[in-house]
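**Student:** run-v2.cif is the file, holding mmCIF, C-alpha atoms:
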data_model
#
loop_
_atom_site.group_PDB
_atom_site.id
_atom_site.type_symbol
_atom_site.label_atom_id
_atom_site.label_comp_id
_atom_site.auth_asym_id
_atom_site.auth_seq_id
_atom_site.Cartn_x
_atom_site.Cartn_y
_atom_site.Cartn_z
ATOM 1 C CA MET A 137 26.399 -5.010 -19.631
ATOM 2 C CA LYS A 138 25.419 -1.411 -19.001
ATOM 3 C CA VAL A 139 25.018 -0.248 -15.401
ATOM 4 C CA LYS A 140 23.776 3.080 -14.042
ATOM 5 C CA VAL A 141 26.024 4.595 -11.399
ATOM 6 C CA VAL A 142 24.997 8.267 -11.046
ATOM 7 C CA THR A 143 27.510 9.344 -8.413
ATOM 8 C CA ASN A 144 29.164 12.703 -7.809
ATOM 9 C CA ILE A 145 32.852 12.326 -8.620
ATOM 10 C CA LEU A 146 33.753 14.573 -5.691
ATOM 11 C CA GLU A 147 31.543 12.490 -3.402
ATOM 12 C CA ALA A 148 34.529 11.150 -1.461
ATOM 13 C CA ASN A 149 35.725 14.701 -0.754
ATOM 14 C CA GLU A 150 32.234 15.959 0.114
ATOM 15 C CA ARG A 151 31.710 13.062 2.520
ATOM 16 C CA LEU A 152 35.055 13.638 4.219
ATOM 17 C CA ALA A 153 34.350 17.372 4.436
ATOM 18 C CA ALA A 154 31.005 16.679 6.133
ATOM 19 C CA GLU A 155 32.748 14.347 8.596
ATOM 20 C CA ASN A 156 35.416 16.979 9.312
ATOM 21 C CA ARG A 157 32.682 19.493 9.979
ATOM 22 C CA ASP A 158 31.011 17.132 12.459
ATOM 23 C CA ILE A 159 34.311 16.638 14.292
ATOM 24 C CA PHE A 160 34.914 20.412 14.439
ATOM 25 C CA ARG A 161 31.360 21.090 15.652
ATOM 26 C CA GLU A 162 31.587 18.429 18.307
ATOM 27 C CA ALA A 163 34.784 20.085 19.578
ATOM 28 C CA GLY A 164 33.096 23.534 19.473
ATOM 29 C CA VAL A 165 35.314 24.927 16.704
ATOM 30 C CA TYR A 166 33.986 27.430 14.125
ATOM 31 C CA VAL A 167 35.912 26.947 10.874
ATOM 32 C CA ILE A 168 36.690 29.588 8.253
ATOM 33 C CA ASN A 169 38.155 28.629 4.880
ATOM 34 C CA LEU A 170 40.249 31.667 3.894
ATOM 35 C CA MET A 171 40.899 32.007 0.162
ATOM 36 C CA SER A 172 42.534 34.487 -2.236
ATOM 37 C CA ALA A 173 45.071 34.845 -5.025
ATOM 38 C CA PRO A 174 48.756 34.562 -4.008
ATOM 39 C CA GLY A 175 49.977 37.748 -2.329
ATOM 40 C CA ALA A 176 46.576 39.241 -1.505
ATOM 41 C CA GLY A 177 47.534 39.209 2.177
ATOM 42 C CA LYS A 178 45.927 36.134 3.772
ATOM 43 C CA THR A 179 48.680 35.625 6.345
ATOM 44 C CA SER A 180 48.940 39.374 7.047
ATOM 45 C CA VAL A 181 45.177 39.518 7.646
ATOM 46 C CA LEU A 182 45.515 36.597 10.057
ATOM 47 C CA GLU A 183 48.358 38.335 11.917
ATOM 48 C CA ARG A 184 46.301 41.531 12.226
ATOM 49 C CA THR A 185 43.184 39.577 13.206
ATOM 50 C CA ILE A 186 45.056 37.654 15.911
ATOM 51 C CA LYS A 187 46.398 40.920 17.390
ATOM 52 C CA GLU A 188 43.004 42.657 17.206
ATOM 53 C CA ILE A 189 41.136 39.750 18.833
ATOM 54 C CA ASN A 190 43.796 39.852 21.557
ATOM 55 C CA GLY A 191 42.661 36.754 23.414
ATOM 56 C CA ARG A 192 38.907 37.490 23.260
ATOM 57 C CA LEU A 193 38.568 34.242 21.290
ATOM 58 C CA ARG A 194 40.940 31.295 21.130
ATOM 59 C CA LEU A 195 42.283 30.918 17.601
ATOM 60 C CA GLY A 196 43.985 28.192 15.598
ATOM 61 C CA VAL A 197 45.380 28.141 12.072
ATOM 62 C CA ILE A 198 46.026 25.560 9.369
ATOM 63 C CA GLU A 199 48.367 26.934 6.710
ATOM 64 C CA GLY A 200 48.169 25.529 3.181
ATOM 65 C CA ASP A 201 51.004 26.195 0.758
ATOM 66 C CA ILE A 202 52.577 24.333 -2.112
ATOM 67 C CA ALA A 203 55.910 24.469 -0.264
ATOM 68 C CA GLY A 204 57.621 26.110 2.712
ATOM 69 C CA THR A 205 56.808 26.895 6.336
ATOM 70 C CA ASP A 206 57.206 30.708 6.370
ATOM 71 C CA ASP A 207 53.502 31.359 6.961
ATOM 72 C CA ALA A 208 53.216 28.883 9.828
ATOM 73 C CA GLN A 209 56.288 30.456 11.449
ATOM 74 C CA ARG A 210 54.661 33.907 11.296
ATOM 75 C CA ILE A 211 51.552 32.582 13.072
ATOM 76 C CA GLU A 212 53.559 30.588 15.607
ATOM 77 C CA ASN A 213 55.495 33.742 16.508
ATOM 78 C CA LEU A 214 52.179 35.163 17.772
ATOM 79 C CA GLY A 215 51.665 32.203 20.108
ATOM 80 C CA ILE A 216 48.785 30.657 18.151
ATOM 81 C CA PRO A 217 48.559 26.881 17.534
ATOM 82 C CA VAL A 218 49.326 26.266 13.858
ATOM 83 C CA VAL A 219 49.912 23.375 11.474
ATOM 84 C CA GLN A 220 51.502 23.715 8.041
ATOM 85 C CA ILE A 221 50.300 21.598 5.117
ATOM 86 C CA ASN A 222 52.533 21.432 2.061
ATOM 87 C CA THR A 223 50.471 20.241 -0.881
ATOM 88 C CA GLY A 224 53.564 19.492 -2.955
ATOM 89 C CA GLY A 225 52.104 21.045 -6.090
ATOM 90 C CA ALA A 226 48.366 20.646 -5.609
ATOM 91 C CA CYS A 227 46.495 23.889 -6.292
ATOM 92 C CA HIS A 228 44.024 23.654 -3.390
ATOM 93 C CA LEU A 229 43.452 21.991 -0.013
ATOM 94 C CA ASP A 230 41.010 19.102 0.153
ATOM 95 C CA ALA A 231 39.100 17.476 2.998
ATOM 96 C CA ASN A 232 41.528 14.582 3.340
ATOM 97 C CA MET A 233 44.509 16.902 3.870
ATOM 98 C CA ILE A 234 42.615 18.594 6.703
ATOM 99 C CA ARG A 235 41.654 15.229 8.195
ATOM 100 C CA GLU A 236 45.286 14.197 8.368
ATOM 101 C CA VAL A 237 46.412 17.242 10.374
ATOM 102 C CA MET A 238 43.336 18.238 12.412
ATOM 103 C CA ASN A 239 44.329 16.190 15.438
ATOM 104 C CA ASP A 240 47.694 17.948 15.626
ATOM 105 C CA LEU A 241 45.745 20.961 16.914
ATOM 106 C CA PRO A 242 44.198 21.281 20.402
ATOM 107 C CA LEU A 243 40.666 21.460 18.921
ATOM 108 C CA ARG A 244 38.879 21.698 22.291
ATOM 109 C CA ASP A 245 40.903 24.818 23.099
ATOM 110 C CA ILE A 246 40.045 26.604 19.823
ATOM 111 C CA ASP A 247 37.000 28.806 19.123
ATOM 112 C CA ILE A 248 37.836 29.792 15.533
ATOM 113 C CA LEU A 249 40.047 27.776 13.221
ATOM 114 C CA PHE A 250 41.259 29.587 10.115
ATOM 115 C CA ILE A 251 42.208 27.325 7.229
ATOM 116 C CA GLU A 252 44.413 29.403 4.948
ATOM 117 C CA ASN A 253 43.996 27.827 1.536
ATOM 118 C CA VAL A 254 46.583 27.715 -1.261
ATOM 119 C CA GLY A 255 46.831 31.078 -3.057
ATOM 120 C CA ASN A 256 44.593 30.588 -6.098
ATOM 121 C CA LEU A 257 41.331 32.265 -7.179
ATOM 122 C CA VAL A 258 39.984 29.188 -8.954
ATOM 123 C CA CYS A 259 40.218 25.681 -7.449
ATOM 124 C CA PRO A 260 39.891 26.308 -3.687
ATOM 125 C CA ALA A 261 36.289 27.422 -4.265
ATOM 126 C CA GLU A 262 35.434 23.983 -5.671
ATOM 127 C CA PHE A 263 36.555 21.799 -2.756
ATOM 128 C CA LYS A 264 34.938 21.827 0.684
ATOM 129 C CA VAL A 265 37.326 21.105 3.534
ATOM 130 C CA GLY A 266 34.865 21.018 6.462
ATOM 131 C CA GLU A 267 34.370 24.754 6.935
ATOM 132 C CA ASP A 268 31.370 26.649 8.321
ATOM 133 C CA ILE A 269 31.956 29.580 5.968
ATOM 134 C CA LYS A 270 34.300 30.703 3.222
ATOM 135 C CA VAL A 271 35.910 34.139 3.409
ATOM 136 C CA MET A 272 37.929 35.609 0.563
ATOM 137 C CA LEU A 273 40.390 38.439 0.129
ATOM 138 C CA LEU A 274 40.864 40.580 -2.935
ATOM 139 C CA SER A 275 43.625 43.162 -2.793
ATOM 140 C CA ILE A 276 43.191 46.534 -4.451
ATOM 141 C CA ALA A 277 46.182 46.164 -6.771
ATOM 142 C CA GLU A 278 44.750 42.980 -8.302
ATOM 143 C CA GLY A 279 42.296 45.184 -10.187
ATOM 144 C CA HIS A 280 38.553 45.724 -10.316
ATOM 145 C CA ASP A 281 38.024 43.193 -13.113
ATOM 146 C CA LYS A 282 38.554 40.155 -10.854
ATOM 147 C CA PRO A 283 35.007 39.514 -9.588
ATOM 148 C CA LEU A 284 33.662 38.999 -13.095
ATOM 149 C CA LYS A 285 36.720 36.994 -14.190
ATOM 150 C CA TYR A 286 36.649 34.575 -11.231
ATOM 151 C CA PRO A 287 32.952 34.537 -10.287
ATOM 152 C CA LEU A 288 32.726 31.252 -8.396
ATOM 153 C CA MET A 289 34.836 32.283 -5.411
ATOM 154 C CA PHE A 290 32.781 35.465 -4.986
ATOM 155 C CA GLN A 291 29.572 33.442 -5.208
ATOM 156 C CA GLU A 292 30.710 30.878 -2.636
ATOM 157 C CA SER A 293 32.061 33.325 -0.037
ATOM 158 C CA THR A 294 30.163 34.750 2.928
ATOM 159 C CA ALA A 295 32.522 37.701 3.379
ATOM 160 C CA LEU A 296 34.988 39.576 1.175
ATOM 161 C CA LEU A 297 37.907 41.575 2.548
ATOM 162 C CA LEU A 298 39.124 44.257 0.121
ATOM 163 C CA ASN A 299 42.694 44.378 1.408
ATOM 164 C CA LYS A 300 45.469 46.937 0.835
ATOM 165 C CA ILE A 301 42.843 49.682 0.736
ATOM 166 C CA ASP A 302 45.686 52.130 1.548
ATOM 167 C CA LEU A 303 47.013 51.540 -2.001
ATOM 168 C CA LEU A 304 43.876 52.959 -3.596
ATOM 169 C CA PRO A 305 45.390 56.394 -4.469
ATOM 170 C CA TYR A 306 48.316 54.712 -6.276
ATOM 171 C CA THR A 307 46.307 52.458 -8.604
ATOM 172 C CA ASN A 308 43.614 52.775 -11.253
ATOM 173 C CA ALA A 309 41.392 50.329 -9.383
ATOM 174 C CA ASP A 310 37.733 51.308 -9.307
ATOM 175 C CA LEU A 311 36.608 50.424 -5.778
ATOM 176 C CA GLU A 312 32.930 51.020 -6.521
ATOM 177 C CA LYS A 313 33.038 48.620 -9.470
ATOM 178 C CA MET A 314 34.742 45.974 -7.297
ATOM 179 C CA ARG A 315 31.946 46.320 -4.752
ATOM 180 C CA LYS A 316 29.129 46.492 -7.291
ATOM 181 C CA ASP A 317 30.254 43.479 -9.335
ATOM 182 C CA SER A 318 30.922 41.415 -6.199
ATOM 183 C CA LEU A 319 27.432 42.159 -4.881
ATOM 184 C CA SER A 320 25.870 41.410 -8.267
ATOM 185 C CA LEU A 321 27.415 37.950 -8.146
ATOM 186 C CA ASN A 322 26.448 37.484 -4.503
ATOM 187 C CA PRO A 323 23.945 39.984 -3.048
ATOM 188 C CA LYS A 324 24.449 38.633 0.511
ATOM 189 C CA LEU A 325 28.246 39.102 0.468
ATOM 190 C CA LYS A 326 29.526 41.060 3.504
ATOM 191 C CA ILE A 327 32.299 43.421 2.316
ATOM 192 C CA PHE A 328 35.043 44.984 4.475
ATOM 193 C CA ASP A 329 37.632 47.526 3.304
ATOM 194 C CA VAL A 330 40.815 46.735 5.211
ATOM 195 C CA SER A 331 44.512 47.491 5.265
ATOM 196 C CA CYS A 332 46.927 45.212 7.079
ATOM 197 C CA ARG A 333 49.587 47.913 6.841
ATOM 198 C CA THR A 334 47.606 50.687 8.556
ATOM 199 C CA GLY A 335 45.099 48.518 10.441
ATOM 200 C CA GLU A 336 42.156 50.315 8.807
ATOM 201 C CA GLY A 337 38.928 48.286 8.872
ATOM 202 C CA ILE A 338 40.377 45.394 10.878
ATOM 203 C CA GLY A 339 38.238 46.381 13.886
ATOM 204 C CA ASP A 340 35.001 46.148 11.857
ATOM 205 C CA TRP A 341 35.996 42.760 10.449
ATOM 206 C CA VAL A 342 36.844 41.417 13.910
ATOM 207 C CA ASN A 343 33.575 42.735 15.397
ATOM 208 C CA TRP A 344 31.690 40.901 12.652
ATOM 209 C CA LEU A 345 33.676 37.719 13.399
ATOM 210 C CA LEU A 346 32.790 37.986 17.088
ATOM 211 C CA THR A 347 29.063 38.233 16.251
ATOM 212 C CA ILE A 348 28.931 35.342 13.778
ATOM 213 C CA VAL A 349 30.848 33.031 16.084
ATOM 214 C CA LYS A 350 28.505 33.804 18.981
ATOM 215 C CA LYS A 351 25.550 32.787 16.787
ATOM 216 C CA MET I 619 44.285 22.048 -12.675
ATOM 217 C CA HIS I 620 43.012 19.220 -10.479
ATOM 218 C CA GLU I 621 42.117 16.731 -13.201
ATOM 219 C CA VAL I 622 44.340 14.000 -11.721
ATOM 220 C CA GLY I 623 42.380 13.996 -8.469
ATOM 221 C CA ILE I 624 39.107 13.949 -10.360
ATOM 222 C CA THR I 625 40.305 11.095 -12.566
ATOM 223 C CA GLN I 626 41.248 9.138 -9.453
ATOM 224 C CA GLY I 627 37.731 9.801 -8.146
ATOM 225 C CA ILE I 628 36.202 8.467 -11.373
ATOM 226 C CA LEU I 629 38.347 5.324 -11.320
ATOM 227 C CA ASP I 630 37.739 4.657 -7.599
ATOM 228 C CA ILE I 631 33.954 4.943 -7.940
ATOM 229 C CA ALA I 632 33.800 2.918 -11.182
ATOM 230 C CA ILE I 633 36.043 0.108 -9.920
ATOM 231 C CA GLU I 634 34.207 -0.120 -6.603
ATOM 232 C CA ASN I 635 30.821 -0.286 -8.360
ATOM 233 C CA CYS I 636 32.066 -2.906 -10.827
ATOM 234 C CA LYS I 637 33.447 -5.201 -8.101
ATOM 235 C CA LYS I 638 30.421 -4.700 -5.854
ATOM 236 C CA ARG I 639 28.145 -5.942 -8.632
ATOM 237 C CA GLY I 640 30.309 -8.984 -9.273
ATOM 238 C CA TYR I 641 31.876 -8.018 -12.614
ATOM 239 C CA THR I 642 35.582 -8.270 -13.468
ATOM 240 C CA GLY I 643 36.303 -5.485 -15.965
ATOM 241 C CA ILE I 644 35.140 -2.123 -17.306
ATOM 242 C CA GLU I 645 34.627 -1.327 -20.999
ATOM 243 C CA SER I 646 33.473 2.262 -20.768
ATOM 244 C CA ILE I 647 32.655 4.972 -18.246
ATOM 245 C CA LYS I 648 30.301 7.805 -19.133
ATOM 246 C CA VAL I 649 30.663 11.014 -17.154
ATOM 247 C CA LYS I 650 28.629 14.225 -17.197
ATOM 248 C CA ILE I 651 30.847 17.272 -16.827
ATOM 249 C CA GLY I 652 29.329 20.738 -16.601
ATOM 250 C CA LYS I 653 31.055 23.436 -18.635
ATOM 251 C CA ALA I 654 31.420 25.537 -15.477
ATOM 252 C CA ALA I 655 32.816 22.663 -13.399
ATOM 253 C CA GLY I 656 36.357 23.926 -13.914
ATOM 254 C CA VAL I 657 37.486 20.706 -15.573
ATOM 255 C CA MET I 658 39.159 20.521 -18.991
ATOM 256 C CA PRO I 659 37.906 17.444 -20.913
ATOM 257 C CA ASP I 660 41.252 17.025 -22.748
ATOM 258 C CA SER I 661 43.184 16.979 -19.475
ATOM 259 C CA LEU I 662 40.708 14.513 -18.019
ATOM 260 C CA LEU I 663 41.121 12.159 -20.988
ATOM 261 C CA PHE I 664 44.903 12.475 -20.788
ATOM 262 C CA ALA I 665 44.936 11.700 -17.062
ATOM 263 C CA PHE I 666 42.496 8.811 -17.545
ATOM 264 C CA GLU I 667 44.699 7.123 -20.166
ATOM 265 C CA ALA I 668 47.681 7.290 -17.811
ATOM 266 C CA MET I 669 45.921 6.324 -14.598
ATOM 267 C CA LYS I 670 43.745 3.413 -15.799
ATOM 268 C CA VAL I 671 46.837 1.278 -16.507
ATOM 269 C CA GLY I 672 47.095 -1.693 -14.143
ATOM 270 C CA THR I 673 43.467 -1.476 -12.986
ATOM 271 C CA ILE I 674 40.352 -3.431 -14.048
ATOM 272 C CA ALA I 675 39.509 -0.339 -16.126
ATOM 273 C CA GLU I 676 42.687 -0.718 -18.177
ATOM 274 C CA LYS I 677 40.766 -1.233 -21.437
ATOM 275 C CA ALA I 678 38.025 1.259 -20.623
ATOM 276 C CA VAL I 679 37.050 4.250 -22.730
ATOM 277 C CA LEU I 680 36.101 7.479 -20.989
ATOM 278 C CA ILE I 681 33.089 9.153 -22.590
ATOM 279 C CA ILE I 682 32.559 12.780 -21.597
ATOM 280 C CA ASP I 683 29.121 14.326 -21.921
ATOM 281 C CA GLU I 684 29.526 18.103 -21.575
ATOM 282 C CA ILE I 685 26.582 19.892 -19.967
ATOM 283 C CA PRO I 686 25.987 23.517 -21.007
ATOM 284 C CA VAL I 687 25.446 26.277 -18.480
ATOM 285 C CA SER I 688 21.759 27.099 -18.145
ATOM 286 C CA GLY I 689 19.493 28.781 -15.672
ATOM 287 C CA TYR I 690 16.918 31.451 -14.990
ATOM 288 C CA CYS I 691 17.244 35.244 -15.131
ATOM 289 C CA ASN I 692 15.671 37.159 -12.253
ATOM 290 C CA GLY I 693 15.690 40.315 -14.398
ATOM 291 C CA CYS I 694 13.630 39.305 -17.433
ATOM 292 C CA SER I 695 12.064 36.168 -15.885
ATOM 293 C CA SER I 696 13.219 33.833 -18.642
ATOM 294 C CA ASP I 697 15.308 30.684 -19.014
ATOM 295 C CA PHE I 698 18.680 30.809 -20.736
ATOM 296 C CA SER I 699 21.408 28.439 -21.947
ATOM 297 C CA VAL I 700 24.890 29.453 -23.135
ATOM 298 C CA ASP I 701 27.935 27.776 -24.707
ATOM 299 C CA ASP I 702 30.476 29.607 -22.536
ATOM 300 C CA ALA I 703 32.062 28.135 -19.428
ATOM 301 C CA TYR I 704 30.789 30.941 -17.243
ATOM 302 C CA VAL I 705 27.790 33.166 -17.521
ATOM 303 C CA ILE I 706 27.871 36.501 -15.763
ATOM 304 C CA THR I 707 25.022 38.417 -17.339
ATOM 305 C CA CYS I 708 21.746 37.306 -18.886
ATOM 306 C CA PRO I 709 22.288 36.760 -22.655
ATOM 307 C CA LYS I 710 18.872 38.337 -23.293
ATOM 308 C CA CYS I 711 18.679 41.379 -21.009
ATOM 309 C CA GLY I 712 22.157 41.761 -19.451
ATOM 310 C CA HIS I 713 20.887 41.431 -15.866
ATOM 311 C CA LEU I 714 23.501 40.229 -13.346
ATOM 312 C CA SER I 715 21.471 38.286 -10.813
ATOM 313 C CA LEU I 716 21.076 34.795 -12.290
ATOM 314 C CA ARG I 717 20.105 31.419 -10.917
ATOM 315 C CA ILE I 718 22.347 28.726 -12.391
ATOM 316 C CA ASP I 719 20.626 25.353 -12.762
ATOM 317 C CA THR I 720 23.048 23.282 -14.844
ATOM 318 C CA GLY I 721 26.712 23.474 -15.797
ATOM 319 C CA ARG I 722 28.496 22.544 -12.568
ATOM 320 C CA GLU I 723 27.912 18.780 -12.793
ATOM 321 C CA LEU I 724 30.727 16.404 -12.031
ATOM 322 C CA ASN I 725 29.022 13.019 -12.119
ATOM 323 C CA ILE I 726 29.599 9.482 -13.246
ATOM 324 C CA ASP I 727 26.464 8.576 -15.180
ATOM 325 C CA GLU I 728 26.796 4.964 -16.294
ATOM 326 C CA MET I 729 29.359 2.374 -17.323
ATOM 327 C CA GLU I 730 29.682 -0.807 -19.298
ATOM 328 C CA VAL I 731 31.118 -3.765 -17.428
ATOM 329 C CA PHE I 732 31.921 -7.413 -18.206
#
As a first step, turn the structure in this file into structure tokens.
**Tutor:**
Amino acid sequence: MKVKVVTNILEANERLAAENRDIFREAGVYVINLMSAPGAGKTSVLERTIKEINGRLRLGVIEGDIAGTDDAQRIENLGIPVVQINTGGACHLDANMIREVMNDLPLRDIDILFIENVGNLVCPAEFKVGEDIKVMLLSIAEGHDKPLKYPLMFQESTALLLNKIDLLPYTNADLEKMRKDSLSLNPKLKIFDVSCRTGEGIGDWVNWLLTIVKK
Amino acid sequence: MHEVGITQGILDIAIENCKKRGYTGIESIKVKIGKAAGVMPDSLLFAFEAMKVGTIAEKAVLIIDEIPVSGYCNGCSSDFSVDDAYVITCPKCGHLSLRIDTGRELNIDEMEVF
């Protein structure tokens, strides 16, 4: 007997992600899914962002890593509520992982929740976790060929932070090509040149965050 | 990289649908996988063989229908279809701004039950 099913295989994840989003909205939390390759500077950007916001908004963080609690410790040191997820090998966070830890955070006392995804330019772009927007980082030393090699993440993101901009004189990276290719893949992408080491550009990024959250 | 999770999704949906309709076993499951879905068919088949054991899909065959990437080019106003997993530029005119219509599917299509 043949039966038609016609169901999205990721339906369970998509449904859970939509439910997560409802819970976050109800609690008044704006959620940003932060993605990049390992070592691009996700946690450093969060540290800089927390300092720059300086209490103007109440922040919270969920840290996703295959193993370890180093990142969560760095955030906790700044006095921000944080939960660490260890995926134990999985290459991305999914909606169920977020569901299991979301109530460990004081959601009603958080304006923006950053979900720092597992370092990986591929899979995190495929799985919704309950976010309002996706933001990605690409660091200068990763090279200008990345947008065209890993197009999906650039297409799915609302904003792109080109981090470690202070390294530009020491690499062969072509900043204009990075920008041009990223915008070709996603003409609406908002791009910020930043450096977590010098603090360059962090102010512009934070001002943008303040405006989108107010909306 | 996440084929195990996807395989679990396939099995969960198929088994639930089979039981809901009052059948006791699954002979085959046909899935449509877009070439740009980020899923390797070989890995999916490998995971399926391992994970179906002990379920009502134990004897089931997984049939994968690969969907090519196709869409519309805003540059030369024409439709295109390619064999590659990702398409960055229009195969006809090289334009970068493309609308992708197929190739990211990840669906169970139909199954045979008994």
**Student:** Please, which residues of chain A lie no more than 6 Å from chain I when the count uses all atoms listed in the file, and can they be set out as number ranges by chain?
**Tutor:** A: 137-145, 320
**Student:** State, in Å with one decimal place, the distance from CA of Asn149 in chain A to CA of Ile198 in chain A.
**Tutor:**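 Result for CA of Asn149 in chain A versus CA of Ile198 in chain A: 18.1 Å, one decimal.
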**Student:** Counting only C-alpha atoms, select every polymer residue within 7 Å of (23.8, 26.4, -20.2) as defined in the file's coordinates, and provide the selection as a list in words.
**Tutor:** Pro686, Val687, Ser688, Gly689, Phe698, Ser699, Val700, Asp701, Thr720 and Gly721 of chain I
**Student:** If I take CA of Ile301 in chain A and CA of Lys270 in chain A, how far is one from the other in Å, to one decimal?
**Tutor:**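 These atoms are spaced 21.0 Å apart.
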**Student:** Using all atoms listed in the file, list the residues that have an atom at most 6 Å from (42.0, 25.8, 2.8), coordinates as in the file, as a list in words.
**Tutor:**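 Residues found, by chain and rising number: Asn169, Leu229, Ile251, Glu252 and Asn253 of chain A.
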**Student:** With the file shown as input, list the residues that the PyMOL selection byres ((chain A and resi 168) around 7) selects, as number ranges by chain.
**Tutor:** A: 166-167, 169-170, 249-251, 267-271
**Student:** Using C-alpha atoms, can you write the selected residues to a file as an mmCIF file, keeping the file's coordinate frame?
**Tutor:**
data_model
loop_
_atom_site.group_PDB
_atom_site.id
_atom_site.type_symbol
_atom_site.label_atom_id
_atom_site.label_comp_id
_atom_site.auth_asym_id
_atom_site.auth_seq_id
_atom_site.Cartn_x
_atom_site.Cartn_y
_atom_site.Cartn_z
ATOM 1 C CA TYR A 166 33.986 27.430 14.125
ATOM 2 C CA VAL A 167 35.912 26.947 10.874
ATOM 3 C CA ASN A 169 38.155 28.629 4.880
ATOM 4 C CA LEU A 170 40.249 31.667 3.894
ATOM 5 C CA LEU A 249 40.047 27.776 13.221
ATOM 6 C CA PHE A 250 41.259 29.587 10.115
ATOM 7 C CA ILE A 251 42.208 27.325 7.229
ATOM 8 C CA GLU A 267 34.370 24.754 6.935
ATOM 9 C CA ASP A 268 31.370 26.649 8.321
ATOM 10 C CA ILE A 269 31.956 29.580 5.968
ATOM 11 C CA LYS A 270 34.300 30.703 3.222
ATOM 12 C CA VAL A 271 35.910 34.139 3.409
#
**Student:** Draw an axis-aligned box over all listed atoms of range 310-325 of chain A, pad each side with 5 Å, and write its centre and edge lengths in Å, one decimal, as AutoDock Vina command-line options.
**Tutor:**
--center_x 30.8 --center_y 44.4 --center_z -4.5 --size_x 23.8 --size_y 23.8 --size_z 20.0
**Student:** Determine the nearest neighbour of Met314 in chain A from the options A:Ile348, A:Cys332, A:Ala231, A:Leu273, counting all atoms listed in the file.
**Tutor:**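 Smallest separation from Met314 in chain A among the options: A:Leu273.
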**Student:** Set the distance at 9 Å and use only C-alpha atoms: which residues neighbour Asn308 in chain A once local chain neighbours fewer than 2 positions away are removed? I'd like the list as number ranges by chain.
**Tutor:** A: 277, 279-280, 304-306, 310
**Student:** For Ser696 in chain I, list every protein, DNA or RNA residue within 10 Å, evaluated using all atoms listed in the file, and leave out those in the same chain fewer than 6 positions away; present the list as a PDB file with C-alpha atoms, in the coordinates of the input.
**Tutor:**
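Result file follows (out.pdb):
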ATOM      1  CA  GLY I 689      19.493  28.781 -15.672  1.00  0.00           C
ATOM      2  CA  TYR I 690      16.918  31.451 -14.990  1.00  0.00           C
ATOM      3  CA  CYS I 708      21.746  37.306 -18.886  1.00  0.00           C
ATOM      4  CA  LYS I 710      18.872  38.337 -23.293  1.00  0.00           C
ATOM      5  CA  CYS I 711      18.679  41.379 -21.009  1.00  0.00           C
TER       6      CYS I 711
END
**Student:** Name the residues that the PyMOL selection byres ((chain A and resi 260) around 10) picks from the file above, as a list in words, using the file's chain letters and numbers.
**Tutor:**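 Output from the PyMOL selection byres ((chain A and resi 260) around 10), applied to this file: Asn169, Leu170, Met171, Ser172, Cys227, His228, Leu229, Asp230, Asn253, Val254, Gly255, Asn256, Leu257, Val258, Cys259, Ala261, Glu262, Phe263, Lys264, Val265, Lys270, Leu288 and Met289 of chain A.
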**Student:** In Å to one decimal, how far is CA of Arg184 in chain A from CA of Gly335 in chain A?
**Tutor:**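 Distance between the two atoms: 7.3 Å.
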**Student:** Counting only C-alpha atoms, figure out which residue out of A:Ser180, A:Thr294, A:Ser331, A:Gln209 gets nearest to Leu345 in chain A.
**Tutor:**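 Result for the nearest residue to Leu345 in chain A: A:Thr294.
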**Student:** Using all atoms listed in the file, find the one residue out of A:Glu212, A:Asp317, A:Glu336, A:Glu162 that sits nearest to Val181 in chain A.
**Tutor:** A:Glu336
**Student:** Could you spell out the hits of the PyMOL selection byres ((chain A and resi 319) around 12) on the shown file, as a ChimeraX atom specification?
**Tutor:** /A:283-284,287,290-296,312-318,320-327 /I:714-715
**Student:** With only C-alpha atoms as the basis for distance, which of I:Ile633, I:Leu680, I:Cys691, I:Ala703 is at the shortest distance from Ser661 in chain I?
**Tutor:**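 Result for the nearest residue to Ser661 in chain I: I:Leu680.
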**Student:** Near Asn299 in chain A, counting all atoms listed in the file, which residues have an atom at most 7 Å away, once you skip same-chain residues fewer than 5 positions from it, shown as a VMD selection string?
**Tutor:** chain A and resid 273 to 276 329 to 331
**Student:** Would you kindly return, as number ranges by chain, each protein, DNA or RNA residue with an atom no farther than 10 Å from any atom of Leu214 in chain A, considering all atoms listed in the file and excluding same-chain residues fewer than 6 positions away?
**Tutor:** A: 183, 186-187
**Student:** Can you spit out the residues from that selection as a JSON list (two decimals), in the frame of the given file, using C-alpha atoms?
**Tutor:**
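Final file, part-v6.json:
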[["chain", "number", "residue", "atom", "x", "y", "z"],
["A", 183, "GLU", "CA", 48.36, 38.34, 11.92],
["A", 186, "ILE", "CA", 45.06, 37.65, 15.91],
["A", 187, "LYS", "CA", 46.40, 40.92, 17.39]]
